[in-house]
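Structure data (TSV, C-alpha atoms) from final_29.tsv:
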```
chain	number	residue	atom	x	y	z
O	1439	MET	CA	8.10	-29.83	17.56
O	1440	ALA	CA	11.86	-29.46	17.26
O	1441	PHE	CA	12.12	-32.99	15.83
O	1442	LEU	CA	9.39	-32.31	13.28
O	1443	SER	CA	11.01	-29.04	12.24
O	1444	LYS	CA	14.31	-30.77	11.68
O	1445	LYS	CA	12.72	-33.67	9.84
O	1446	TYR	CA	10.27	-31.84	7.56
O	1447	LEU	CA	10.59	-28.06	7.69
O	1448	PHE	CA	14.28	-27.59	7.04
O	1449	PRO	CA	14.46	-30.06	4.11
O	1450	LEU	CA	11.50	-28.23	2.58
O	1451	LEU	CA	13.21	-24.87	3.01
O	1452	SER	CA	16.38	-26.32	1.55
O	1453	LEU	CA	14.44	-27.27	-1.57
O	1454	LEU	CA	13.11	-23.73	-1.83
O	1455	TYR	CA	16.64	-22.35	-1.65
O	1456	ALA	CA	18.23	-25.11	-3.73
O	1457	PRO	CA	19.23	-22.69	-6.53
O	1458	LEU	CA	21.58	-21.08	-4.03
O	1459	THR	CA	23.68	-24.24	-4.10
O	1460	CYS	CA	24.52	-23.63	-7.74
O	1461	LEU	CA	24.61	-19.85	-7.53
O	1462	CYS	CA	26.94	-19.85	-4.53
O	1463	GLN	CA	29.24	-22.60	-5.87
O	1464	SER	CA	32.26	-20.33	-5.71
O	1465	THR	CA	31.74	-19.62	-2.02
O	1466	ASN	CA	31.36	-23.32	-1.19
O	1467	ASN	CA	34.50	-24.44	-3.06
O	1468	THR	CA	36.98	-22.07	-1.52
O	1469	SER	CA	40.56	-23.00	-2.23
O	1470	THR	CA	42.48	-24.38	0.74
O	1471	ASP	CA	45.76	-22.70	-0.19
O	1472	GLN	CA	44.31	-19.21	0.18
O	1473	THR	CA	45.20	-17.59	3.47
O	1474	THR	CA	42.79	-14.69	3.11
O	1475	SER	CA	39.08	-14.82	3.86
O	1476	SER	CA	36.29	-14.57	1.30
O	1477	ASN	CA	35.82	-10.88	2.12
O	1478	THR	CA	39.36	-10.10	1.00
O	1479	THR	CA	39.58	-12.35	-2.03
O	1480	SER	CA	41.81	-10.88	-4.69
O	1481	PRO	CA	39.72	-9.52	-7.61
O	1482	ARG	CA	42.24	-11.01	-10.05
O	1483	SER	CA	40.82	-14.49	-9.34
O	1484	VAL	CA	37.21	-13.35	-9.67
O	1485	ARG	CA	35.81	-14.07	-13.09
O	1486	GLY	CA	33.95	-11.11	-14.57
O	1487	CYS	CA	35.37	-8.40	-12.28
O	1488	GLY	CA	38.05	-5.86	-13.04
O	1489	SER	CA	41.53	-6.01	-11.56
O	1490	GLY	CA	41.15	-2.84	-9.49
O	1491	LEU	CA	37.77	-3.65	-7.94
O	1492	ASN	CA	37.41	-3.62	-4.17
O	1493	PRO	CA	36.81	-7.21	-2.96
O	1494	ILE	CA	33.66	-6.24	-1.06
O	1495	TYR	CA	31.92	-5.63	-4.40
O	1496	ARG	CA	32.84	-8.99	-5.91
O	1497	PHE	CA	29.32	-10.44	-5.84
O	1498	LEU	CA	28.09	-7.65	-8.09
O	1499	CYS	CA	30.12	-9.00	-10.98
O	1500	ASP	CA	31.29	-12.50	-10.03
O	1501	ARG	CA	30.09	-14.91	-12.71
O	1502	ARG	CA	30.75	-17.98	-10.58
O	1503	ALA	CA	28.47	-16.65	-7.82
O	1504	ALA	CA	25.65	-15.77	-10.19
O	1505	TRP	CA	23.14	-14.97	-7.45
O	1506	GLY	CA	24.51	-11.46	-7.11
O	1507	ILE	CA	24.16	-10.69	-10.82
O	1508	VAL	CA	20.63	-12.15	-11.01
O	1509	LEU	CA	19.42	-10.24	-7.97
O	1510	GLU	CA	21.14	-7.09	-9.19
O	1511	THR	CA	19.21	-7.29	-12.46
O	1512	LEU	CA	15.86	-7.88	-10.77
O	1513	THR	CA	16.55	-5.14	-8.25
O	1514	THR	CA	17.40	-2.59	-10.91
O	1515	ALA	CA	14.28	-3.44	-12.89
O	1516	GLY	CA	12.06	-3.13	-9.82
O	1517	PHE	CA	13.63	0.17	-8.80
O	1518	ILE	CA	13.11	1.64	-12.28
O	1519	VAL	CA	9.46	0.50	-12.41
O	1520	SER	CA	8.78	1.98	-8.96
O	1521	ILE	CA	10.30	5.35	-9.86
O	1522	VAL	CA	8.46	5.45	-13.21
O	1523	LEU	CA	5.15	4.73	-11.46
O	1524	PHE	CA	5.89	7.40	-8.86
O	1525	LEU	CA	6.68	10.06	-11.48
O	1526	ALA	CA	3.66	9.08	-13.58
O	1527	LEU	CA	1.41	9.34	-10.53
O	1528	ILE	CA	2.76	12.77	-9.63
O	1529	ILE	CA	2.36	14.10	-13.19
O	1530	TRP	CA	-1.15	12.66	-13.50
O	1531	SER	CA	-2.25	14.10	-10.16
O	1532	LEU	CA	-0.88	17.54	-11.05
O	1533	SER	CA	-2.76	17.52	-14.34
O	1534	ILE	CA	-5.98	16.47	-12.60
O	1535	CYS	CA	-5.61	19.09	-9.86
O	1536	CYS	CA	-4.98	21.86	-12.40
O	1537	SER	CA	-8.14	20.97	-14.32
O	1538	SER	CA	-10.49	20.56	-11.36
O	1539	ARG	CA	-10.63	22.10	-7.89
O	1540	TYR	CA	-12.69	19.26	-6.53
O	1541	ALA	CA	-9.98	16.76	-7.45
O	1542	ARG	CA	-7.50	18.43	-5.10
O	1543	SER	CA	-9.43	17.29	-2.05
O	1544	SER	CA	-10.74	14.03	-3.49
O	1545	ILE	CA	-7.48	12.44	-4.69
O	1546	GLY	CA	-4.87	14.36	-2.69
O	1547	SER	CA	-4.74	11.95	0.24
O	1548	ALA	CA	-4.74	8.86	-1.98
O	1549	VAL	CA	-1.90	10.25	-4.10
O	1550	ALA	CA	0.12	11.11	-0.98
O	1551	SER	CA	-0.33	7.62	0.47
O	1552	MET	CA	0.54	5.93	-2.83
O	1553	SER	CA	3.60	8.15	-3.27
O	1554	MET	CA	4.93	7.08	0.12
O	1555	PHE	CA	4.28	3.44	-0.72
O	1556	LEU	CA	6.07	3.64	-4.07
O	1557	LEU	CA	9.03	5.41	-2.48
O	1558	ALA	CA	9.20	2.67	0.17
O	1559	THR	CA	9.10	-0.01	-2.53
O	1560	ALA	CA	11.87	1.72	-4.48
O	1561	GLY	CA	13.90	1.91	-1.26
O	1562	ILE	CA	13.40	-1.82	-0.64
O	1563	PHE	CA	14.85	-2.54	-4.06
O	1564	GLY	CA	17.69	-0.10	-3.47
O	1565	ILE	CA	18.73	-1.50	-0.10
O	1566	THR	CA	19.23	-4.92	-1.71
O	1567	PHE	CA	22.65	-3.73	-2.90
O	1568	ALA	CA	23.67	-3.27	0.75
O	1569	PHE	CA	23.14	-7.02	1.25
O	1570	ILE	CA	24.78	-8.08	-2.01
O	1571	ILE	CA	27.87	-6.12	-0.99
O	1572	THR	CA	29.90	-7.78	1.75
O	1573	LEU	CA	29.10	-6.71	5.30
O	1574	THR	CA	31.41	-3.89	6.40
O	1575	PRO	CA	31.29	-1.23	9.14
O	1576	GLN	CA	29.92	1.12	6.48
O	1577	THR	CA	27.12	-1.13	5.21
O	1578	CYS	CA	26.13	-2.39	8.67
O	1579	PRO	CA	24.28	0.79	9.80
O	1580	THR	CA	22.52	0.91	6.43
O	1581	ARG	CA	21.26	-2.62	6.89
O	1582	ILE	CA	20.23	-2.12	10.50
O	1583	PHE	CA	18.40	1.17	9.93
O	1584	LEU	CA	16.88	1.01	6.44
O	1585	PHE	CA	15.70	-2.61	6.36
O	1586	PRO	CA	13.01	-2.28	9.07
O	1587	VAL	CA	12.28	1.38	8.32
O	1588	LEU	CA	11.44	0.83	4.64
O	1589	PHE	CA	9.31	-2.22	5.33
O	1590	ALA	CA	7.56	-0.35	8.15
O	1591	LEU	CA	6.64	2.45	5.72
O	1592	ALA	CA	5.31	0.00	3.13
O	1593	PHE	CA	3.28	-2.03	5.63
O	1594	SER	CA	2.03	1.15	7.33
O	1595	CYS	CA	0.60	2.35	4.01
O	1596	LEU	CA	-1.07	-1.03	3.51
O	1597	LEU	CA	-2.47	-0.97	7.04
O	1598	ALA	CA	-3.79	2.57	6.59
O	1599	ARG	CA	-5.41	1.49	3.34
O	1600	CYS	CA	-7.13	-1.39	5.13
O	1601	LEU	CA	-8.48	1.02	7.75
O	1602	ALA	CA	-9.70	3.35	5.00
O	1603	LEU	CA	-11.55	0.50	3.27
O	1604	LEU	CA	-13.17	-0.42	6.58
O	1605	GLY	CA	-14.42	3.17	6.92
O	1606	PHE	CA	-12.51	4.30	10.01
O	1607	ALA	CA	-13.06	7.98	10.74
O	1608	ALA	CA	-9.35	8.55	11.40
O	1609	THR	CA	-8.48	7.73	7.79
O	1610	ARG	CA	-10.96	10.10	6.12
O	1611	GLY	CA	-9.54	12.87	4.00
O	1612	TRP	CA	-5.85	13.34	4.71
O	1613	GLY	CA	-6.08	10.95	7.64
O	1614	GLU	CA	-4.86	7.96	5.62
O	1615	PRO	CA	-1.33	9.31	4.92
O	1616	ALA	CA	-1.25	10.78	8.45
O	1617	VAL	CA	-1.95	7.36	9.99
O	1618	ALA	CA	0.72	5.77	7.78
O	1619	LEU	CA	3.27	8.40	8.80
O	1620	GLY	CA	2.40	7.96	12.48
O	1621	LEU	CA	2.93	4.19	12.34
O	1622	PHE	CA	6.11	4.65	10.33
O	1623	THR	CA	7.58	7.11	12.84
O	1624	VAL	CA	7.57	4.47	15.58
O	1625	GLN	CA	10.01	2.27	13.65
O	1626	ILE	CA	12.27	5.27	12.96
O	1627	ILE	CA	12.51	5.86	16.72
O	1628	ILE	CA	13.29	2.18	17.38
O	1629	SER	CA	16.04	1.95	14.74
O	1630	THR	CA	17.57	5.28	15.71
O	1631	GLN	CA	17.62	4.30	19.37
O	1632	TRP	CA	19.49	1.07	18.58
O	1633	LEU	CA	22.13	2.90	16.55
O	1634	ILE	CA	22.60	5.56	19.23
O	1635	ILE	CA	22.94	3.01	22.02
O	1636	VAL	CA	25.37	0.74	20.18
O	1637	LEU	CA	27.47	3.20	18.19
O	1638	VAL	CA	27.39	6.36	20.31
O	1639	ARG	CA	26.83	5.38	23.95
O	1640	ASP	CA	28.62	2.03	24.06
O	1641	GLU	CA	31.08	2.96	21.28
O	1642	LYS	CA	30.95	-0.56	19.88
O	1643	PRO	CA	31.44	-1.51	16.24
O	1644	CYS	CA	28.28	-2.08	14.23
O	1645	GLU	CA	27.80	-5.83	14.36
O	1646	TYR	CA	24.85	-8.08	15.02
O	1647	SER	CA	23.92	-11.73	15.20
O	1648	GLN	CA	21.28	-13.23	12.95
O	1649	PRO	CA	18.72	-13.79	15.76
O	1650	GLU	CA	19.29	-10.20	16.89
O	1651	PHE	CA	18.62	-8.94	13.36
O	1652	ALA	CA	15.36	-10.91	13.30
O	1653	MET	CA	14.37	-9.56	16.74
O	1654	MET	CA	14.73	-5.99	15.48
O	1655	GLN	CA	11.86	-6.66	13.04
O	1656	ILE	CA	9.23	-7.28	15.74
O	1657	TYR	CA	7.38	-4.01	15.15
O	1658	VAL	CA	7.36	-4.60	11.39
O	1659	LEU	CA	5.94	-8.06	12.01
O	1660	CYS	CA	3.20	-6.51	14.16
O	1661	LEU	CA	2.27	-4.15	11.32
O	1662	LEU	CA	2.26	-7.05	8.87
O	1663	ALA	CA	0.11	-9.26	11.12
O	1664	THR	CA	-2.38	-6.47	11.82
O	1665	GLY	CA	-2.70	-5.61	8.14
O	1666	LEU	CA	-3.18	-9.27	7.26
O	1667	PHE	CA	-5.93	-9.67	9.87
O	1668	LEU	CA	-7.74	-6.52	8.71
O	1669	SER	CA	-7.45	-7.47	5.03
O	1670	LEU	CA	-8.92	-10.89	5.85
O	1671	HIS	CA	-11.80	-9.12	7.61
O	1672	ILE	CA	-12.33	-6.93	4.54
O	1673	MET	CA	-12.33	-10.01	2.33
O	1674	CYS	CA	-15.00	-11.66	4.45
O	1675	ARG	CA	-17.10	-8.51	4.43
O	1676	ALA	CA	-16.70	-8.12	0.66
O	1677	CYS	CA	-17.77	-11.71	0.02
O	1678	CYS	CA	-20.78	-11.57	2.35
O	1679	THR	CA	-22.04	-8.08	1.46
O	1680	TYR	CA	-24.20	-7.38	-1.57
O	1681	SER	CA	-24.84	-3.95	-2.98
O	1682	TYR	CA	-28.32	-3.06	-4.26
O	1683	SER	CA	-27.48	0.57	-4.94
O	1684	TYR	CA	-26.48	2.25	-8.16
O	1685	THR	CA	-22.77	2.06	-7.21
O	1686	GLY	CA	-22.20	-1.42	-8.56
O	1687	ALA	CA	-18.92	-0.55	-10.27
O	1688	THR	CA	-17.60	1.11	-7.13
O	1689	HIS	CA	-18.53	-1.92	-5.03
O	1690	SER	CA	-16.78	-4.32	-7.42
O	1691	GLN	CA	-13.68	-2.11	-7.36
O	1692	TRP	CA	-13.77	-2.14	-3.56
O	1693	ARG	CA	-13.89	-5.94	-3.59
O	1694	ALA	CA	-10.97	-6.11	-6.03
O	1695	GLN	CA	-8.89	-3.81	-3.81
O	1696	ALA	CA	-9.69	-5.95	-0.77
O	1697	ALA	CA	-8.66	-9.14	-2.57
O	1698	LEU	CA	-5.38	-7.66	-3.81
O	1699	LEU	CA	-4.57	-6.27	-0.37
O	1700	PHE	CA	-5.16	-9.66	1.23
O	1701	PHE	CA	-3.04	-11.62	-1.23
O	1702	THR	CA	-0.25	-9.01	-1.13
O	1703	LEU	CA	-0.04	-9.19	2.66
O	1704	LEU	CA	-0.41	-12.97	2.65
O	1705	LEU	CA	2.51	-13.45	0.22
O	1706	SER	CA	4.57	-10.94	2.20
O	1707	ALA	CA	3.89	-12.87	5.41
O	1708	CYS	CA	4.96	-16.13	3.74
O	1709	ILE	CA	8.21	-14.52	2.53
O	1710	TRP	CA	8.95	-13.18	6.02
O	1711	VAL	CA	8.31	-16.54	7.67
O	1712	VAL	CA	10.66	-18.26	5.21
O	1713	TRP	CA	13.58	-15.82	5.49
O	1714	ILE	CA	13.38	-15.56	9.30
O	1715	THR	CA	13.30	-19.36	9.59
O	1716	MET	CA	16.23	-19.77	7.21
O	1717	LEU	CA	18.25	-17.01	8.85
O	1718	THR	CA	17.80	-18.19	12.43
O	1719	ARG	CA	17.57	-21.99	12.11
O	1720	GLY	CA	17.64	-23.22	8.53
O	1721	ASN	CA	21.14	-22.13	7.54
O	1722	VAL	CA	22.53	-23.54	10.77
O	1723	GLU	CA	20.82	-26.91	10.34
O	1724	LEU	CA	21.91	-27.14	6.70
O	1725	GLY	CA	25.47	-26.05	7.48
O	1726	ARG	CA	25.28	-23.01	5.20
O	1727	ARG	CA	26.02	-20.23	7.68
O	1728	PRO	CA	27.35	-17.64	7.02
O	1729	ARG	CA	27.54	-18.26	3.27
O	1730	TRP	CA	23.76	-18.19	2.76
O	1731	ASP	CA	22.90	-15.36	5.17
O	1732	ASP	CA	23.29	-12.47	2.72
O	1733	PRO	CA	21.75	-14.35	-0.25
O	1734	VAL	CA	18.70	-15.27	1.86
O	1735	LEU	CA	18.10	-11.65	2.88
O	1736	SER	CA	18.71	-10.40	-0.67
O	1737	ILE	CA	16.26	-12.87	-2.15
O	1738	ALA	CA	13.67	-11.93	0.49
O	1739	LEU	CA	14.08	-8.23	-0.32
O	1740	VAL	CA	13.72	-8.67	-4.07
O	1741	ALA	CA	10.79	-11.11	-3.81
O	1742	ASN	CA	8.88	-8.98	-1.33
O	1743	GLY	CA	9.61	-5.84	-3.32
O	1744	TRP	CA	8.08	-7.32	-6.47
O	1745	VAL	CA	5.09	-8.64	-4.50
O	1746	LEU	CA	4.42	-5.17	-3.08
O	1747	LEU	CA	4.94	-3.49	-6.43
O	1748	MET	CA	2.70	-5.78	-8.47
O	1749	GLY	CA	0.13	-6.58	-5.79
O	1750	HIS	CA	-0.52	-3.05	-4.50
O	1751	GLY	CA	1.58	-0.44	-6.29
O	1752	LEU	CA	0.62	-1.04	-9.91
O	1753	SER	CA	-2.93	-2.15	-9.17
O	1754	GLN	CA	-3.67	0.75	-6.82
O	1755	VAL	CA	-2.44	3.32	-9.34
O	1756	THR	CA	-4.71	1.68	-11.92
O	1757	PHE	CA	-7.69	1.79	-9.55
O	1758	LEU	CA	-6.98	5.42	-8.69
O	1759	CYS	CA	-6.86	6.52	-12.32
O	1760	ARG	CA	-9.93	4.45	-13.25
O	1761	GLY	CA	-11.91	5.70	-10.26
O	1762	GLU	CA	-11.17	9.32	-11.12
O	1763	ALA	CA	-12.26	8.74	-14.71
O	1764	MET	CA	-15.52	7.12	-13.55
O	1765	SER	CA	-16.26	9.89	-11.04
O	1766	LYS	CA	-16.33	12.62	-13.66
O	1767	ASP	CA	-19.90	13.93	-14.08
O	1768	LEU	CA	-21.41	13.46	-17.49
O	1769	PRO	CA	-23.01	16.58	-19.11
O	1770	LEU	CA	-26.75	16.76	-18.50
O	1771	SER	CA	-28.91	16.08	-21.55
O	1772	PHE	CA	-32.25	17.87	-21.73
O	1773	ALA	CA	-33.39	16.11	-24.89
O	1774	GLY	CA	-37.06	15.12	-24.59
O	1775	TRP	CA	-37.71	17.54	-21.71
O	1776	THR	CA	-38.39	20.67	-23.80
O	1777	ARG	CA	-42.10	19.83	-24.19
O	1778	PRO	CA	-43.20	17.32	-21.57
O	1779	ASN	CA	-46.83	17.42	-22.74
O	1780	ALA	CA	-46.08	16.91	-26.39
O	1781	ASP	CA	-46.69	13.16	-26.32
O	1782	SER	CA	-49.62	13.33	-23.86
O	1783	PRO	CA	-52.83	14.72	-25.40
O	1784	GLU	CA	-54.55	14.81	-22.03
O	1785	LEU	CA	-51.91	17.14	-20.67
O	1786	SER	CA	-52.17	19.50	-23.62
O	1787	SER	CA	-55.92	20.19	-23.13
O	1788	GLN	CA	-56.97	23.22	-21.11
O	1789	LYS	CA	-58.13	22.37	-17.61
O	1790	GLU	CA	-60.89	24.35	-15.89
O	1791	GLY	CA	-60.39	22.91	-12.45
O	1792	LYS	CA	-63.68	21.00	-12.27
O	1793	GLU	CA	-61.84	17.73	-12.48
O	1794	ASN	CA	-60.77	18.31	-8.91
O	1795	GLY	CA	-63.53	17.30	-6.50
O	1796	SER	CA	-62.59	19.97	-3.98
O	1797	PHE	CA	-62.65	22.75	-6.57
O	1798	GLU	CA	-65.65	25.09	-6.53
O	1799	ASN	CA	-66.27	28.25	-8.45
O	1800	GLU	CA	-66.59	31.46	-6.47
O	1801	ALA	CA	-69.92	32.34	-8.18
O	1802	GLU	CA	-71.39	28.97	-7.22
O	1803	THR	CA	-70.23	29.17	-3.64
O	1804	GLY	CA	-71.77	32.70	-3.23
O	1805	ARG	CA	-75.31	31.69	-4.16
O	1806	GLY	CA	-77.66	31.50	-1.15
O	1807	ARG	CA	-74.95	32.02	1.39
O	1808	ARG	CA	-74.09	34.90	3.66
O	1809	PRO	CA	-70.74	36.41	3.20
O	1810	ALA	CA	-68.39	35.41	5.92
O	1811	PRO	CA	-67.74	38.13	8.47
O	1812	LYS	CA	-64.44	39.83	8.12
O	1813	LEU	CA	-62.32	40.02	11.19
O	1814	GLN	CA	-60.97	43.47	11.90
O	1815	SER	CA	-58.34	44.46	14.37
O	1816	PRO	CA	-59.34	47.09	16.96
O	1817	TYR	CA	-56.22	49.01	16.06
O	1818	GLU	CA	-57.04	49.09	12.38
O	1819	SER	CA	-58.34	52.35	10.93
O	1820	GLU	CA	-61.58	52.48	8.95
O	1821	PHE	CA	-60.04	54.81	6.37
O	1822	SER	CA	-57.86	53.43	3.66
O	1823	MET	CA	-54.69	55.05	2.54
O	1824	THR	CA	-56.24	56.17	-0.75
O	1825	GLU	CA	-59.04	57.97	1.07
O	1826	LEU	CA	-56.55	59.71	3.30
```

Take the structure in the file and write it out as structure tokens.
Amino acid sequence: MAFLSKKYLFPLLSLLYAPLTCLCQSTNNTSTDQTTSSNTTSPRSVRGCGSGLNPIYRFLCDRRAAWGIVLETLTTAGFIVSIVLFLALIIWSLSICCSSRYARSSIGSAVASMSMFLLATAGIFGITFAFIITLTPQTCPTRIFLFPVLFALAFSCLLARCLALLGFAATRGWGEPAVALGLFTVQIIISTQWLIIVLVRDEKPCEYSQPEFAMMQIYVLCLLATGLFLSLHIMCRACCTYSYSYTGATHSQWRAQAALLFFTLLLSACIWVVWITMLTRGNVELGRRPRWDDPVLSIALVANGWVLLMGHGLSQVTFLCRGEAMSKDLPLSFAGWTRPNADSPELSSQKEGKENGSFENEAETGRGRRPAPKLQSPYESEFSMTEL
């Protein structure tokens, strides 16, 4: 297996990351007469940066290492789109809740879950700058803590949505955002514990190896794998189940949500497999460590952020707004019901009751028959109230 991975897998991954060879040309062709490292390169020699810029920010403006500028542009665009969607969702939900009391309970949980997801997506785009900037003791805790925490929040919302589509009782009502928060809290405890042990108890500087960074994402990988398995189950159920009820539009929307959830989680899983492989083995085999470590993580963040935003964020907001519009009750029309017997001449004729076989007139039933004896209670008086 190791021979096959070296022979086929790593060349394939190198083709996927081939643009990094051109984008990181400046880091590969470092001058031999410089005595300082790449982290302390003088900003005077960096094309596109100002003379007083701190060297750790050089990839934000270095034109020779264009990967930082490209990722910075995509990250900014994704962050703006996520915040705009979040604000639009909040404004729309407030307007709906003010106009209808029923909407407060019907869309409140969905809006809360989507708000957490959009905030997590915006945070994923925002933390990309911590990987474009050179690793320092200040950016190290940000990377260690926020990278798994933000992805855990996003994947927890997706997992809770899968459980809600499957009809789990725990996700009914406000249970969906509660389940997402519960799963998200576990990763907060894990990341906080690592920082406390390393920085506070052991009093060590914040540093990590690449395999150690990948190992800290185990819980996030569990959330991703569970969500992918459940979304695949939903896809199979949606393809094999047919609806014969009057909720055809709702059933088709449910199938569309299941398909988008599955493809979003599938693309996210592919991105995670690629960046973990490149970070732990690929860069070493290709001789690109540590020059490609930060670009690989930055590309993974931006790519996964856009997959989450387009695959679930934008589509789920659209489904939520469309579903609320479809659920509004139409006004009842009583046209044609004012005179039900107007178009039926048989119904307009006067009935005497003889059409019913069990109907008999009282005069006919009294002929030749004794009157039935009346039962009287022994406690009943023979005098009526009028006689008294």

- Task: Grab the CA of Thr1566 in chain O to CA of Pro1586 in chain O distance for me, in Å with one decimal place.
- Result: 12.7 Å

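Of the listed residues (O:Pro1733, O:Gly1751, O:Pro1579, O:Gly1561), O:Pro1579 comes nearest to Leu1633 in chain O; the distances count all atoms listed in the file.
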
- Query: Counting all atoms listed in the file, what is within 8 Å of range 1594-1605 of chain O, bar same-chain residues fewer than 5 positions away, as a VMD selection string?
  - Reply: chain O and resid 1551 to 1552 1554 to 1555 1610 1614 to 1615 1617 to 1619 1621 to 1622 1661 to 1662 1664 to 1665 1668 to 1669 1672 1692 1696 1699

- Task: Take CA of Ile1570 in chain O and CA of Leu1666 in chain O and report the distance between them in Å, one decimal.
- Result: 29.5 Å

- Query: Hey, which of O:Leu1588, O:Ile1627, O:Val1755, O:Leu1739 ends up closest to Ser1553 in chain O? Count all atoms listed in the file.
  - Reply: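 Closest candidate: O:Val1755.
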
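Distances from O:Ser1537, O:Ser1520, O:Thr1574, O:Ser1753 to Leu1556 in chain O were compared using only C-alpha atoms, and the smallest one belongs to O:Ser1520.
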
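Computed from the coordinates, the CA of Gly1611 in chain O to CA of Val1519 in chain O distance equals 28.0 Å.
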
- Determine the nearest neighbour of Leu1703 in chain O from the options O:Gln1691, O:Gln1754, O:Thr1609, O:Asn1742, counting all atoms listed in the file.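 The answer is O:Asn1742, which sits nearest to Leu1703 in chain O.
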
- O:Phe1524, O:Phe1563, O:Trp1730, O:Trp1713: which is nearest Ala1652 in chain O, counting all atoms listed in the file? O:Trp1713

- Within 12 Å of Leu1509 in chain O using only C-alpha atoms, minus same-chain residues under 5 positions, as an MDAnalysis selection string: chainID O and resid 1458 1461 1497:1499 1503:1504 1514:1517 1563:1571 1732:1741 1743:1744
